[in-house]
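Here is the structure we will look at, set down as structure tokens.
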Amino acid sequence: MVASRRMERTNSDIGRGVASDFDSAVSFVSQHAASDLKMSDAQKLELYALFKQSTMGDADKKKQPSAFNLVRRSRFDAWLQLKGTNPTEAKEEYCNLLAHLEVGFSRSETEGGKLKQRRPSMLTMNSMDSFSSMSNLQASSDKDPSEMSREELLASVNMLQSELLRLSVFKVYKEGVLSRCRETMTGEDWTPRFFEIKPGYLRCYKSREERLLRMEIPLFKGVIACRQLAFEHGSGAGAGKYNNFVTVQLVQSGNKKKVASSLSFLKLGADSAEEAGEWVAAIMAAASDGGSPPPTPRAATNEKKKADFGLRDPHKKHQMSLLSSDNEDRQSYRGFANMILVACVVSNMRAIFDSIMSNGILLLGVVDLSGGLEDNDLLVVGATCCLPAFIVAAFLIEKLSHSASSALCNGLHFFNTVGSLAVPWALCDYTGASPLVCGPLIFAATVLFLKLVSYSHTNAVLRRKWVAGETNLGYPQSVTLFDVFQYIAFPTLCYQTSYPRTEKVRKKWLLKRLAELLLTVAVQAVTFNQMMLPVLLEALELKRAGGGVPLGKFLLALAVPSLACWLCMFYALFHLWLNILAEVTFFGDRLYYKDWWNARKIDTYWRTWNMPVHQFLVRHCFMPCMELGLPKGASMFVVFFVSAVAHEVLVSVPCHTTKFYAFLGMMGQVPLIAVTTYIDRKLRGSQVGNFVFWISFCIVGQPLCIILYFLEVVK
């Protein structure tokens, strides 16, 4: 009894050692590309069969793939040949095979890890039988085919087909990194993935290092792959980056019917036209070697088969509800988003119709310009045309820096930059012009001020490096009048000596974006005048009557329409207008916003919703503060202070008031950032912070500022 227990314990230890070596071997194979492991096709096929036998046991003959899928069929047949082999023995054979192949893997010095003389595997013996059969076939090939029976011909064809599969199943046509395109609610999302093309299929892995299979597409004769030249914009990492696409259409070339597959169209991004052409050629070659497409359903005949209405068991496996948190399958909720969009449109249209029935068409009173502009308004409009003078002055100052002292030029840049904002500010305050006229001037002056700050700061750094002897800076060759005006026209606030550029203007695309811009501005105007203006006028009447203004009622009344106006502003400015500017100026980097709508922290929102301003503040405010020795928290506070001042200038100067509502609203984001950061740290992965963000903006922030500034402007 003691001896039997000792034997059981020894076998258990050996089993654990084999399992450990097997896990190490599997990890070793998964970390190397197929081309890195220098093995023959037969060895790779044997390794695959041993792995399946070790992990899943005997193959089920009923699940044998169709003969039309030649690659999968040969792999399954190799696995089927090991039927009856013990999984532990299969693991031992797997480790021994990998160690004997001398591909860089070595087993541990445990009892189970000692190398043994490898016995010929069943797969190898079957391969020998195959070669023997091939020899027999070659010996019988001297016969005249007309003298061979039908059975002999079929056997010969099957032997040739099996041998062809055995030799080509592990051939790799091409492998590398491409970006896969997926359609999302906001456009196209590009994700880099590692692709591998083998005879009969295209495999997609998460990355080259992490060989996690994400997708496998069957390739066969009739698959269409082509290269397209275009410039698309998306919202993901590869947005606006790929001019060369590889499209794969899984259709039959004869009748053009869709193949029964989970994916019928695939769009991939390549870095160059040559690379895209190589991938297309590899896909077509793999499809040609993949055999014929699956058989199409036969035409209906007059003979109707009797339907089987017998009882069928509907419950065959463990499944989770689609909306359950236990469901690991990725679900699409786009239908819910469409339903919410339809509900919002219908509810807002009803509110607009009610406003028209009770108050009339208020938009006509706004667009009526029969009275013309006043003299003060015309003076402000004329001052807008004088802003290019500050651009020319910045260029002349930078030219002067090559012969004058750096300190003098920096001082001149400072006065010119401050003057570009101070002069329009003083003009608006002196004339008291309408906010509708002062608003565009102050907005343009603020943008010009930020651009000139970046221009002077960047050139000062480049000038210092150039004097120190550094080369390849693009300076001072970039100091030209054309360069500075081109930078002012670009949709960016950060100056560089060079930018990514596009090759042409897409006229049809440009006309569509202009039409969308006009439509979005019209929707915004109708929403403000028909849904927000009556509420604001009601609040004004209550204040003039001497009664209190119930803020809660008006905040809720303005929440939805103010959110709609704000979203229209975001779409019109950041998605349409900036993309239109980029298109006509051949500007390549068009990532003007990220997925701010998913922000669970307030600071995440401010970093993602306005990328041009965020990039400017990081480059010309946050990083200089860090270089001066300020801690990160203090540097972030300085950034928010500068942003708060800019918001106050954009609102208070055109409205001719100094109540600091916008400034206080921006500085109030600092404690809110701490709150949402604490929530995200304690409730990691929850959406509580996102709800706090939307509530603070939709119900409290924007409606409150609109009411307060409207009452001040009208007063």
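Letters for chains follow the order of the structure tokens (A, B, ...), residue numbers begin at 1 for each chain, and ligand numbers begin at 1 in the order shown.
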
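Proximity to Lys52 in chain A at 10 Å, evaluated using only C-alpha atoms and with sequence-adjacent residues fewer than 3 positions away removed, yields Leu47, Tyr48, Ala49, Thr55, Met56, Gly57, Asp58, Ala59, Arg75, Phe76, Ala78, Trp79, Leu80, Leu82, Pro87, Ala90 and Lys91 of chain A.
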
*Residues flagged alpha helix (DSSP H) by DSSP in range 456-693 of chain A, as a ChimeraX atom specification*: /A:456-467,481-489,507-527,533-544,551-570,578-585,602-608,611-617,623-627,632-655,661-667,669-682,688-693

Which polymer residues have any atom within 8 Å of an atom of Thr497 in chain A, counting only C-alpha atoms, with same-chain residues fewer than 2 positions away left out, as a short mmCIF file (atom, residue, chain, number, x, y, z; two decimals) with N, CA and C atoms, in the first residue's frame?
```cif
data_model
loop_
_atom_site.label_atom_id
_atom_site.label_comp_id
_atom_site.auth_asym_id
_atom_site.auth_seq_id
_atom_site.Cartn_x
_atom_site.Cartn_y
_atom_site.Cartn_z
N LEU A 473 16.44 72.78 -37.59
CA LEU A 473 15.33 73.33 -36.82
C LEU A 473 14.24 73.91 -37.72
N GLY A 474 14.54 74.11 -38.99
CA GLY A 474 13.60 74.81 -39.86
C GLY A 474 13.59 76.30 -39.62
N TYR A 475 14.51 76.79 -38.81
CA TYR A 475 14.63 78.20 -38.46
C TYR A 475 16.03 78.65 -38.84
N SER A 478 11.98 79.54 -41.87
CA SER A 478 10.52 79.61 -41.76
C SER A 478 10.01 81.02 -41.51
N TYR A 495 2.18 77.07 -32.99
CA TYR A 495 3.02 77.33 -34.15
C TYR A 495 4.11 76.27 -34.26
N TYR A 499 4.02 71.24 -40.72
CA TYR A 499 2.80 70.55 -40.30
C TYR A 499 2.53 69.39 -41.25
#
```

*Could you check how far CA of Arg544 in chain A sits from CA of Pro435 in chain A, in Å to one decimal?*
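For CA of Arg544 in chain A relative to CA of Pro435 in chain A, the distance reads 21.7 Å.
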
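If you count only C-alpha atoms and ignore residues fewer than 3 places along the chain from Leu202 in chain A, what sits within 7 Å of it is Glu196, Ile197, Lys198, Glu216, Ile217, Pro218 and Leu219 of chain A.
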
*Find the spatial neighbours of Arg464 in chain A, counting only C-alpha atoms, within a cut-off of 12 Å - ignore same-chain residues fewer than 4 positions away - and output them as a PyMOL selection string.*
chain A and resi 401-402+405-407+410+457-460+468-471+473+475-476

*Quick one: of A:Ile397, A:Phe220, A:Leu441, A:Asn376, who's nearest to Thr480 in chain A, counting only C-alpha atoms?*
A:Ile397

Near-Leu452 in chain A list (8 Å; only C-alpha atoms; drop same-chain fewer than 5 positions) as a JSON list (two decimals) with N, CA, C and O atoms, in the first residue's frame:
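As a result, around.json now contains:
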```json
[["chain", "number", "residue", "atom", "x", "y", "z"],
["A", 391, "ILE", "N", -0.36, 90.92, -37.36],
["A", 391, "ILE", "CA", 0.33, 89.76, -37.94],
["A", 391, "ILE", "C", 1.59, 90.22, -38.66],
["A", 391, "ILE", "O", 2.68, 89.62, -38.50],
["A", 394, "ALA", "N", 4.25, 91.19, -36.15],
["A", 394, "ALA", "CA", 4.93, 90.03, -35.57],
["A", 394, "ALA", "C", 6.01, 89.51, -36.51],
["A", 394, "ALA", "O", 7.11, 89.13, -36.06],
["A", 417, "THR", "N", 1.64, 91.52, -29.10],
["A", 417, "THR", "CA", 0.66, 90.48, -28.77],
["A", 417, "THR", "C", -0.43, 91.01, -27.86],
["A", 417, "THR", "O", -1.63, 90.76, -28.08]]
```

_Please determine, counting only C-alpha atoms, which residue among A:Ile679, A:Leu563, A:Leu578, A:Val653 has the shortest atom-to-atom distance to Leu514 in chain A._
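Of A:Ile679, A:Leu563, A:Leu578, A:Val653, the one nearest Leu514 in chain A, counting only C-alpha atoms, is A:Leu578.
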
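Near range 661-663 of chain A, within a cut-off of 7 Å and counting only C-alpha atoms, sit the residues Ala644, Val645, His647, Glu648, Met666, Met667 and Cys705 of chain A, with same-chain residues fewer than 3 positions away left out.
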
*For the atom pair CA of Cys625 in chain A and CA of Asn610 in chain A, what is the interatomic distance in Å to one decimal place?*
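Computed distance, CA of Cys625 in chain A to CA of Asn610 in chain A, equals 21.0 Å.
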
_If I take CA of Ala383 in chain A and CA of Pro424 in chain A, how far is one from the other in Å, to one decimal?_
7.3 Å
